[in-house]
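Coordinates from protein_21.cif are shown below (mmCIF, C-alpha atoms).
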data_entry
loop_
_atom_site.label_atom_id
_atom_site.label_comp_id
_atom_site.auth_asym_id
_atom_site.auth_seq_id
_atom_site.Cartn_x
_atom_site.Cartn_y
_atom_site.Cartn_z
CA MET A 579 -1.58 -37.23 18.94
CA SER A 580 1.43 -35.29 20.22
CA GLY A 581 4.32 -37.13 21.70
CA GLY A 582 6.87 -36.26 19.09
CA ILE A 583 7.56 -32.69 20.01
CA GLU A 584 8.03 -32.94 23.79
CA ASN A 585 10.93 -35.32 23.32
CA MET A 586 12.71 -33.04 20.85
CA SER A 587 15.43 -30.57 21.70
CA ALA A 588 15.31 -27.08 20.23
CA GLY A 589 18.31 -27.90 18.05
CA MET A 590 16.55 -30.95 16.70
CA ILE A 591 13.42 -28.96 15.84
CA TRP A 592 15.42 -26.31 13.97
CA MET A 593 17.38 -28.96 12.11
CA LEU A 594 14.14 -30.61 10.98
CA LEU A 595 12.78 -27.24 9.93
CA LEU A 596 15.88 -26.52 7.85
CA LEU A 597 15.52 -29.90 6.17
CA ALA A 598 11.86 -29.16 5.44
CA ILE A 599 12.84 -25.82 3.88
CA ALA A 600 15.57 -27.50 1.86
CA SER A 601 13.25 -30.20 0.57
CA THR A 602 10.84 -27.48 -0.57
CA TYR A 603 13.58 -25.44 -2.22
CA LEU A 604 14.57 -28.55 -4.13
CA TRP A 605 11.58 -28.04 -6.46
CA ARG A 606 12.12 -24.32 -6.74
CA GLY A 607 15.81 -24.73 -7.53
CA LEU A 608 15.27 -27.60 -9.94
CA GLY A 609 12.58 -25.65 -11.77
CA THR A 610 14.88 -22.63 -12.02
CA VAL A 611 17.72 -24.72 -13.46
CA ILE A 612 15.49 -26.31 -16.09
CA ALA A 613 13.71 -23.00 -16.84
CA ALA A 614 16.89 -21.71 -18.49
CA ARG A 615 16.25 -24.15 -21.32
CA ILE A 616 12.59 -23.37 -21.80
CA ASP A 617 11.38 -20.95 -24.43
CA PRO A 618 8.41 -19.04 -22.96
CA GLU A 619 6.84 -18.88 -26.41
CA SER A 620 6.85 -22.59 -27.09
CA LYS A 621 4.05 -25.15 -26.89
CA LEU A 622 6.07 -26.97 -24.25
CA PHE A 623 5.85 -23.91 -22.04
CA GLN A 624 2.07 -23.75 -22.39
CA TRP A 625 1.78 -27.43 -21.59
CA ILE A 626 3.81 -26.95 -18.39
CA ALA A 627 1.61 -24.03 -17.37
CA CYS A 628 -1.42 -26.30 -17.84
CA ILE A 629 0.22 -28.92 -15.62
CA ALA A 630 0.75 -26.29 -12.92
CA TYR A 631 -2.96 -25.40 -13.04
CA GLY A 632 -4.04 -29.04 -13.10
CA LEU A 633 -1.85 -29.85 -10.13
CA LEU A 634 -3.14 -26.90 -8.11
CA ALA A 635 -6.72 -27.91 -8.90
CA ALA A 636 -6.00 -31.47 -7.80
CA LEU A 637 -4.55 -30.18 -4.54
CA ILE A 638 -7.47 -27.84 -3.79
CA SER A 639 -10.04 -30.47 -4.66
CA ARG A 640 -8.27 -33.05 -2.51
CA ILE A 641 -8.30 -30.59 0.42
CA VAL A 642 -12.07 -30.21 0.04
CA PHE A 643 -12.89 -33.91 -0.37
CA LEU A 644 -10.13 -35.73 1.50
CA PRO A 645 -8.27 -33.33 3.80
CA VAL A 646 -5.53 -34.33 6.21
CA GLY A 647 -4.79 -32.68 9.54
CA ILE A 648 -6.96 -30.04 11.18
CA LEU A 649 -9.55 -29.98 8.37
CA GLU A 650 -10.01 -33.72 8.81
CA LYS A 651 -11.97 -32.90 11.97
CA THR A 652 -14.68 -31.16 9.92
CA GLU A 653 -17.51 -32.83 8.00
CA LEU A 654 -17.38 -33.32 4.23
CA ILE A 655 -20.92 -32.01 3.89
CA ASP A 656 -19.90 -28.75 5.63
CA ARG A 657 -16.88 -28.22 3.38
CA LEU A 658 -18.78 -29.11 0.23
CA GLY A 659 -21.89 -27.14 1.20
CA ALA A 660 -19.80 -24.02 1.84
CA VAL A 661 -17.98 -24.38 -1.50
CA VAL A 662 -21.22 -24.87 -3.46
CA PHE A 663 -22.76 -21.86 -1.71
CA GLY A 664 -19.65 -19.78 -2.46
CA PHE A 665 -19.69 -20.71 -6.14
CA ILE A 666 -23.34 -19.70 -6.44
CA VAL A 667 -22.50 -16.28 -4.97
CA PHE A 668 -19.40 -16.12 -7.19
CA PHE A 669 -21.43 -16.60 -10.38
CA ILE A 670 -24.32 -14.37 -9.31
CA PHE A 671 -21.85 -11.52 -8.83
CA LYS A 672 -20.19 -12.04 -12.22
CA ARG A 673 -17.25 -14.10 -11.00
CA HIS A 674 -16.32 -11.90 -8.06
CA ILE A 675 -13.29 -13.53 -6.36
CA GLY A 676 -13.55 -11.66 -3.05
CA LEU A 677 -17.26 -12.29 -2.56
CA GLY A 678 -16.95 -15.95 -3.52
CA THR A 679 -14.13 -16.47 -1.04
CA LEU A 680 -15.77 -14.61 1.82
CA SER A 681 -19.16 -16.27 1.41
CA THR A 682 -17.55 -19.72 1.33
CA ALA A 683 -15.47 -18.99 4.42
CA GLY A 684 -18.44 -17.42 6.21
CA MET A 685 -20.73 -20.32 5.46
CA PHE A 686 -18.07 -22.83 6.48
CA MET A 687 -17.44 -21.07 9.78
CA VAL A 688 -21.17 -20.98 10.58
CA LEU A 689 -21.56 -24.68 9.75
CA VAL A 690 -18.56 -25.76 11.84
CA TRP A 691 -19.68 -23.54 14.71
CA ALA A 692 -23.26 -24.87 14.57
CA ARG A 693 -21.98 -28.43 14.59
CA GLY A 694 -19.76 -27.67 17.58
CA GLN A 695 -22.79 -26.27 19.40
CA GLY A 696 -24.78 -29.37 18.58
CA PHE A 697 -27.25 -27.54 16.31
CA LEU A 698 -26.55 -29.81 13.35
CA MET B 1042 5.49 -10.22 -32.29
CA HIS B 1043 6.58 -10.15 -28.71
CA ARG B 1044 3.64 -8.11 -27.60
CA ARG B 1045 1.20 -10.50 -29.23
CA VAL B 1046 2.61 -13.55 -27.47
CA TRP B 1047 2.55 -11.82 -24.11
CA ASP B 1048 -1.02 -10.84 -24.78
CA SER B 1049 -2.00 -14.44 -25.12
CA MET B 1050 -0.18 -15.10 -21.86
CA SER B 1051 -1.98 -12.34 -20.04
CA THR B 1052 -5.01 -14.41 -19.47
CA LEU B 1053 -2.95 -17.38 -18.34
CA ALA B 1054 -3.04 -16.35 -14.75
CA GLY B 1055 -6.49 -15.13 -14.31
CA GLY B 1056 -8.52 -12.03 -14.35
CA THR B 1057 -9.82 -10.10 -17.23
CA THR B 1058 -7.94 -9.08 -20.32
CA ILE B 1059 -7.34 -5.41 -19.91
CA PRO B 1060 -6.12 -2.91 -22.48
CA VAL B 1061 -2.36 -2.84 -22.18
CA PRO B 1062 -1.15 0.31 -20.43
CA ASP B 1063 2.35 1.51 -21.06
CA HIS B 1064 4.77 1.35 -18.16
CA GLN B 1065 7.91 2.00 -20.20
CA ASP B 1066 8.96 5.14 -18.33
CA LYS B 1067 8.43 3.79 -14.84
CA SER B 1068 11.35 3.72 -12.42
CA PHE B 1069 12.27 0.76 -10.20
CA ARG B 1070 10.57 2.52 -7.31
CA ALA B 1071 7.35 3.11 -9.23
CA LEU B 1072 7.23 -0.52 -10.37
CA PHE B 1073 7.99 -1.77 -6.87
CA PHE B 1074 5.06 0.22 -5.51
CA MET B 1075 2.87 -0.91 -8.37
CA GLY B 1076 3.55 -4.49 -7.26
CA ALA B 1077 2.95 -3.64 -3.62
CA ARG B 1078 -0.34 -1.95 -4.54
CA ASP B 1079 -1.45 -4.99 -6.51
CA ALA B 1080 -0.67 -7.21 -3.54
CA PHE B 1081 -2.52 -4.87 -1.21
CA SER B 1082 -5.72 -5.11 -3.27
CA LEU B 1083 -6.58 -8.57 -1.90
CA PRO B 1084 -3.73 -11.14 -2.05
CA ALA B 1085 -1.82 -9.80 0.99
CA PHE B 1086 -4.95 -9.95 3.13
CA MET B 1087 -5.57 -13.53 2.06
CA VAL B 1088 -1.97 -14.44 2.94
CA ALA B 1089 -2.29 -12.75 6.33
CA ALA B 1090 -5.59 -14.48 7.08
CA SER B 1091 -4.37 -17.96 6.11
CA MET B 1092 -1.13 -17.50 8.05
CA LEU B 1093 -3.23 -16.43 11.03
CA GLY B 1094 -4.69 -19.92 11.00
CA TYR B 1095 -1.28 -21.48 10.52
CA GLY B 1096 0.16 -19.47 13.45
CA ALA B 1097 -2.58 -20.79 15.70
CA MET B 1098 -1.81 -24.31 14.48
CA VAL B 1099 1.90 -23.96 15.31
CA HIS B 1100 1.04 -22.69 18.77
CA SER B 1101 -1.30 -25.57 19.50
CA ALA B 1102 1.38 -27.99 18.33
CA GLY B 1103 3.62 -26.67 21.11
CA LEU B 1104 6.25 -25.13 18.84
CA GLY B 1105 7.74 -21.65 19.21
CA LEU B 1106 7.04 -18.35 17.46
CA GLY B 1107 10.48 -18.45 15.78
CA VAL B 1108 9.61 -21.79 14.18
CA ALA B 1109 6.27 -20.33 13.06
CA ILE B 1110 7.85 -17.36 11.30
CA VAL B 1111 10.86 -19.15 9.80
CA SER B 1112 8.74 -22.03 8.52
CA THR B 1113 6.33 -19.54 6.92
CA LEU B 1114 8.99 -17.55 5.05
CA GLY B 1115 11.27 -20.53 4.46
CA ILE B 1116 8.79 -23.12 3.19
CA TRP B 1117 6.45 -20.37 1.88
CA GLY B 1118 3.65 -22.65 0.78
CA LEU B 1119 0.80 -23.52 3.13
CA PRO B 1120 0.31 -27.23 2.28
CA GLY B 1121 4.00 -27.90 2.92
CA GLN B 1122 3.93 -25.89 6.15
CA VAL B 1123 0.91 -27.78 7.40
CA ALA B 1124 2.56 -31.07 6.43
CA PHE B 1125 5.67 -30.06 8.38
CA ILE B 1126 3.70 -29.37 11.58
CA GLU B 1127 1.73 -32.58 11.25
CA TYR B 1128 4.85 -34.68 10.76
CA MET B 1129 6.38 -33.02 13.81
CA LEU B 1130 3.30 -33.93 15.84
CA LEU B 1131 3.41 -37.51 14.66
CA GLY B 1132 7.11 -37.77 15.30
CA ALA B 1133 7.38 -39.48 11.95
CA PRO B 1134 10.74 -40.71 10.66
CA LEU B 1135 12.99 -38.05 9.17
CA ALA B 1136 12.89 -39.39 5.63
CA SER B 1137 9.12 -39.63 5.69
CA MET B 1138 8.85 -36.02 6.91
CA MET B 1139 11.10 -34.74 4.15
CA ILE B 1140 9.29 -36.69 1.46
CA GLY B 1141 5.90 -35.58 2.81
CA VAL B 1142 6.81 -31.88 2.92
CA SER B 1143 8.51 -32.13 -0.43
CA LEU B 1144 5.57 -33.82 -2.15
CA ALA B 1145 3.13 -31.33 -0.62
CA ASN B 1146 5.11 -28.59 -2.33
CA MET B 1147 5.76 -30.35 -5.60
CA ARG B 1148 3.61 -27.80 -7.42
CA PHE B 1149 6.59 -25.46 -7.17
CA LEU B 1150 8.33 -27.34 -9.97
CA PRO B 1151 5.86 -26.60 -12.78
CA MET B 1152 5.26 -23.19 -11.22
CA THR B 1153 8.94 -22.14 -11.36
CA LEU B 1154 9.12 -23.59 -14.86
CA SER B 1155 6.45 -21.16 -15.95
CA LEU B 1156 7.54 -18.21 -13.79
CA VAL B 1157 11.31 -18.01 -14.19
CA PRO B 1158 11.34 -17.76 -18.04
CA MET B 1159 9.44 -14.47 -17.60
CA PHE B 1160 12.72 -12.91 -16.46
CA LYS B 1161 14.57 -13.91 -19.60
CA GLY B 1162 15.80 -10.96 -21.58
CA SER B 1163 16.54 -8.94 -18.46
CA LYS B 1164 20.12 -9.01 -17.19
CA SER B 1165 19.44 -8.14 -13.56
CA GLY B 1166 16.13 -10.00 -13.44
CA TRP B 1167 17.76 -13.17 -14.70
CA ARG B 1168 20.73 -12.93 -12.32
CA TRP B 1169 18.46 -13.06 -9.27
CA ARG B 1170 16.26 -15.91 -10.53
CA TYR B 1171 17.10 -18.26 -7.65
CA LEU B 1172 15.81 -15.63 -5.23
CA TRP B 1173 12.62 -15.13 -7.26
CA ALA B 1174 12.06 -18.87 -6.98
CA GLN B 1175 12.13 -18.57 -3.18
CA PHE B 1176 9.68 -15.62 -3.25
CA MET B 1177 7.24 -17.65 -5.29
CA SER B 1178 3.93 -18.78 -3.85
CA VAL B 1179 0.67 -19.35 -5.69
CA ASN B 1180 -0.20 -15.75 -4.86
CA THR B 1181 2.97 -14.12 -6.17
CA TRP B 1182 2.99 -16.44 -9.18
CA VAL B 1183 -0.51 -15.40 -10.23
CA GLY B 1184 0.26 -11.80 -9.29
CA LEU B 1185 3.17 -11.61 -11.72
CA LEU B 1186 1.69 -13.67 -14.54
CA ARG B 1187 -1.39 -11.49 -14.82
CA ARG B 1188 0.78 -8.39 -15.25
CA VAL B 1189 3.31 -9.96 -17.61
CA PRO B 1190 1.62 -8.70 -20.81
CA GLU B 1191 2.01 -5.08 -19.81
CA LEU B 1192 5.49 -5.28 -18.30
CA GLY B 1193 8.68 -5.60 -20.29
CA PRO B 1194 11.25 -8.19 -19.12
CA ASP B 1195 13.31 -5.46 -17.44
CA GLN B 1196 10.36 -4.24 -15.40
CA ARG B 1197 9.14 -7.51 -14.01
CA ALA B 1198 11.73 -7.98 -11.28
CA ALA B 1199 10.89 -4.66 -9.61
CA PHE B 1200 7.17 -5.32 -9.78
CA TYR B 1201 7.55 -8.89 -8.56
CA THR B 1202 9.78 -7.82 -5.66
CA GLY B 1203 7.25 -5.24 -4.51
CA PHE B 1204 4.43 -7.75 -4.76
CA SER B 1205 6.38 -10.50 -2.98
CA VAL B 1206 7.79 -8.33 -0.21
CA LEU B 1207 4.31 -7.14 0.70
CA CYS B 1208 2.91 -10.68 0.66
CA MET B 1209 5.78 -12.02 2.77
CA SER B 1210 5.43 -9.19 5.28
CA ALA B 1211 1.71 -9.88 5.48
CA GLY B 1212 2.53 -13.55 6.03
CA ALA B 1213 4.95 -12.74 8.87
CA VAL B 1214 2.47 -10.39 10.53
CA GLY B 1215 -0.35 -12.89 10.11
CA VAL B 1216 1.53 -15.86 11.51
CA THR B 1217 2.74 -13.85 14.52
CA THR B 1218 -0.76 -12.56 15.25
CA GLY B 1219 -2.22 -16.04 14.88
CA PHE B 1220 0.41 -17.49 17.19
CA LEU B 1221 -0.24 -14.88 19.86
CA LEU B 1222 -4.03 -15.13 19.60
CA ALA B 1223 -4.08 -18.92 19.36
CA GLU B 1224 -5.61 -19.48 22.78
CA ALA B 1225 -8.33 -16.94 22.15
CA MET B 1226 -9.21 -18.49 18.79
CA PRO B 1227 -11.92 -21.13 18.86
CA PHE B 1228 -11.65 -24.21 16.65
CA TYR B 1229 -14.21 -22.99 14.12
CA VAL B 1230 -12.13 -19.86 13.46
CA THR B 1231 -8.77 -21.62 13.13
CA VAL B 1232 -10.15 -24.28 10.84
CA THR B 1233 -11.89 -21.66 8.67
CA LEU B 1234 -8.64 -19.72 8.30
CA VAL B 1235 -6.83 -22.88 7.20
CA PHE B 1236 -9.64 -23.57 4.72
CA LEU B 1237 -9.52 -19.99 3.40
CA ASN B 1238 -6.33 -20.41 1.39
CA PRO B 1239 -7.38 -23.26 -0.95
CA ILE B 1240 -10.83 -21.70 -1.32
CA TYR B 1241 -9.39 -18.36 -2.33
CA PHE B 1242 -7.26 -20.00 -5.03
CA ALA B 1243 -10.22 -21.99 -6.30
CA PHE B 1244 -11.98 -18.69 -7.04
CA VAL B 1245 -8.88 -17.00 -8.44
CA PHE B 1246 -8.54 -19.82 -10.95
CA ALA B 1247 -12.27 -20.10 -11.63
CA ALA B 1248 -12.16 -16.45 -12.71
CA MET B 1249 -9.57 -17.20 -15.41
CA ARG B 1250 -10.40 -16.59 -19.01
CA VAL B 1251 -7.87 -18.81 -20.79
CA ARG B 1252 -9.59 -21.95 -22.00
CA ALA B 1253 -6.61 -24.33 -21.80
CA CYS B 1254 -5.92 -23.44 -18.17
CA LEU B 1255 -9.58 -23.58 -17.20
CA LEU B 1256 -9.92 -27.00 -18.78
CA ALA B 1257 -6.78 -28.21 -17.01
CA PHE B 1258 -8.11 -26.80 -13.77
CA ALA B 1259 -11.46 -28.55 -14.12
CA ALA B 1260 -9.79 -31.84 -15.03
CA GLY B 1261 -7.47 -31.53 -12.04
CA ALA B 1262 -10.37 -30.89 -9.67
CA ILE B 1263 -11.98 -34.15 -10.78
CA ALA B 1264 -8.81 -36.22 -11.00
CA GLY B 1265 -7.25 -35.02 -7.74
CA PRO B 1266 -9.39 -36.85 -5.16
CA LEU B 1267 -9.91 -39.93 -7.34
CA ILE B 1268 -6.21 -40.52 -7.91
CA TYR B 1269 -5.56 -39.77 -4.25
CA LEU B 1270 -7.69 -42.77 -3.39
CA LEU B 1271 -5.44 -44.96 -5.53
CA THR B 1272 -2.07 -43.57 -4.53
CA PRO B 1273 -2.00 -40.84 -1.86
CA GLU B 1274 1.75 -40.12 -2.11
CA TRP B 1275 1.93 -39.75 -5.87
CA SER B 1276 -1.53 -38.40 -6.59
CA LEU B 1277 -0.46 -34.78 -7.08
CA PRO B 1278 2.16 -35.21 -9.82
CA ILE B 1279 0.07 -37.84 -11.60
CA ALA B 1280 -3.13 -35.78 -11.45
CA GLY B 1281 -1.20 -32.66 -12.48
CA VAL B 1282 0.36 -34.16 -15.60
CA LEU B 1283 -2.86 -35.93 -16.54
CA ALA B 1284 -5.08 -32.87 -16.08
CA GLY B 1285 -2.57 -30.53 -17.69
CA THR B 1286 -2.28 -32.75 -20.75
CA VAL B 1287 -6.05 -33.12 -21.04
CA GLY B 1288 -6.54 -29.36 -20.78
CA PHE B 1289 -3.76 -28.62 -23.25
CA TYR B 1290 -4.94 -31.03 -25.95
CA LEU B 1291 -8.64 -30.37 -25.47
CA ASP B 1292 -7.91 -26.69 -26.06
CA GLN B 1293 -5.92 -27.49 -29.22
CA LEU B 1294 -8.75 -29.71 -30.43
CA LEU B 1295 -11.40 -27.05 -29.80
CA ARG B 1296 -9.20 -24.49 -31.51
CA ARG B 1297 -8.98 -26.66 -34.62
CA SER B 1298 -12.70 -27.39 -34.79
CA THR B 1299 -13.80 -23.75 -34.54
#

Would you write out, as structure tokens, the structure that this file holds?
Amino acid sequence: MSGGIENMSAGMIWMLLLLAIASTYLWRGLGTVIAARIDPESKLFQWIACIAYGLLAALISRIVFLPVGILEKTELIDRLGAVVFGFIVFFIFKRHIGLGTLSTAGMFMVLVWARGQGFL
Amino acid sequence: MHRRVWDSMSTLAGGTTIPVPDHQDKSFRALFFMGARDAFSLPAFMVAASMLGYGAMVHSAGLGLGVAIVSTLGIWGLPGQVAFIEYMLLGAPLASMMIGVSLANMRFLPMTLSLVPMFKGSKSGWRWRYLWAQFMSVNTWVGLLRRVPELGPDQRAAFYTGFSVLCMSAGAVGVTTGFLLAEAMPFYVTVTLVFLNPIYFAFVFAAMRVRACLLAFAAGAIAGPLIYLLTPEWSLPIAGVLAGTVGFYLDQLLRRST
């Protein structure tokens, strides 16, 4: 999989990093410029907030169902099983964010570990 | 009038609606520490833990600690950071790397659009808005929005700075630790730490009380993977606008019928 990085000089790596930072700041800067024209009490503002939530949900859900990179090496059933388990704990404990997160992560780690050991 | 509108916003970002305490007399210092305390309650630990996983990832990619830290504080958004490392590993063309990282962080556009107007009405807060945009991550965004109802425009910058500085420090500590411990960290730990971040946000948003946002969130969760199958590159903006619009109008509709 690697092959890119060994052939790169340090200067090249830092230049690429700066470009990555700049291409991220593009959205931040653009949003800040446009924000000057947005009235925080308008319907438009509420609609944009909804878009932000919808987009974040789409991203999270995509990471669970169709991840790229390191998470790609894990099984869908492990990711999904851990999330379902976490949500059950979350609702049992009256929507407790910390417990939901920890039980999902704990379950996921156990599942991935067990699979690595050949138990599953 | 103002108070009432902020009240309706309070629930935008999650958590319970709390009786509004008065912070009018608080100094910059007190507000800064209030933000830092908020961050310390859970968000900073989540940042540190996810960056631990990212640090290990950078190490295994064969990149240096400097790159790990600068990419964390500079990109300051885990999906974009992960995309950056993966493009480096693939040795993908420059344009493709920039587009990939950029698209992975596209959420920052609607997020700044809903964060930056919170500093309107404050001279100093508004002047530094381009810096606040850089401080913004999902964590700091939620962290500020949930306190907006109780903070006046002049108080938000101090609170937000305290919150952000603590989160960014936690991120730097986490990524450094992860980088140094990378070889001692087995795969199942690294991969869990990378998974931790999206999971944590799923619960933060699932705990929200505002109907429009919850509806948008649910719609996005369904639309996200489906649209990704059709068009991987453009799935996020399309799913975001679609889900946001569905949530917004469904809420209006329910409001009218009750």

Step by step, work through what the PyMOL selection byres ((chain A) within 7 of (chain B)) selects in the shown file, and finish by giving those residues as an MDAnalysis selection string. chainID A and resid 579:583 595 597:599 601:602 605:610 613:614 616 618:619 623 625:640 643:644 647:649 673 675 678:679 683 686:687 690:691

Save the residues we just selected, C-alpha atoms, as a compact mmCIF listing (two decimals), keeping the file's coordinate frame?
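What landed in part16.txt:
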# COMPACT_ATOMS: atom_id res chain seq x y z
CA MET A 579 -1.58 -37.23 18.94
CA SER A 580 1.43 -35.29 20.22
CA GLY A 581 4.32 -37.13 21.70
CA GLY A 582 6.87 -36.26 19.09
CA ILE A 583 7.56 -32.69 20.01
CA LEU A 595 12.78 -27.24 9.93
CA LEU A 597 15.52 -29.90 6.17
CA ALA A 598 11.86 -29.16 5.44
CA ILE A 599 12.84 -25.82 3.88
CA SER A 601 13.25 -30.20 0.57
CA THR A 602 10.84 -27.48 -0.57
CA TRP A 605 11.58 -28.04 -6.46
CA ARG A 606 12.12 -24.32 -6.74
CA GLY A 607 15.81 -24.73 -7.53
CA LEU A 608 15.27 -27.60 -9.94
CA GLY A 609 12.58 -25.65 -11.77
CA THR A 610 14.88 -22.63 -12.02
CA ALA A 613 13.71 -23.00 -16.84
CA ALA A 614 16.89 -21.71 -18.49
CA ILE A 616 12.59 -23.37 -21.80
CA PRO A 618 8.41 -19.04 -22.96
CA GLU A 619 6.84 -18.88 -26.41
CA PHE A 623 5.85 -23.91 -22.04
CA TRP A 625 1.78 -27.43 -21.59
CA ILE A 626 3.81 -26.95 -18.39
CA ALA A 627 1.61 -24.03 -17.37
CA CYS A 628 -1.42 -26.30 -17.84
CA ILE A 629 0.22 -28.92 -15.62
CA ALA A 630 0.75 -26.29 -12.92
CA TYR A 631 -2.96 -25.40 -13.04
CA GLY A 632 -4.04 -29.04 -13.10
CA LEU A 633 -1.85 -29.85 -10.13
CA LEU A 634 -3.14 -26.90 -8.11
CA ALA A 635 -6.72 -27.91 -8.90
CA ALA A 636 -6.00 -31.47 -7.80
CA LEU A 637 -4.55 -30.18 -4.54
CA ILE A 638 -7.47 -27.84 -3.79
CA SER A 639 -10.04 -30.47 -4.66
CA ARG A 640 -8.27 -33.05 -2.51
CA PHE A 643 -12.89 -33.91 -0.37
CA LEU A 644 -10.13 -35.73 1.50
CA GLY A 647 -4.79 -32.68 9.54
CA ILE A 648 -6.96 -30.04 11.18
CA LEU A 649 -9.55 -29.98 8.37
CA ARG A 673 -17.25 -14.10 -11.00
CA ILE A 675 -13.29 -13.53 -6.36
CA GLY A 678 -16.95 -15.95 -3.52
CA THR A 679 -14.13 -16.47 -1.04
CA ALA A 683 -15.47 -18.99 4.42
CA PHE A 686 -18.07 -22.83 6.48
CA MET A 687 -17.44 -21.07 9.78
CA VAL A 690 -18.56 -25.76 11.84
CA TRP A 691 -19.68 -23.54 14.71

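Here atom CA of B:Pro1194 is placed at a distance of 5.9 Å from atom CA of B:Gly1162.
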
How far is it from atom CA of B:Arg1252 to atom CA of A:Ile641, in Å with one decimal?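 Separating atom CA of B:Arg1252 from atom CA of A:Ile641 is a distance of 24.1 Å.
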
What separates atom CA of B:Ser1165 and atom CA of B:Asp1195 is a distance of 7.7 Å
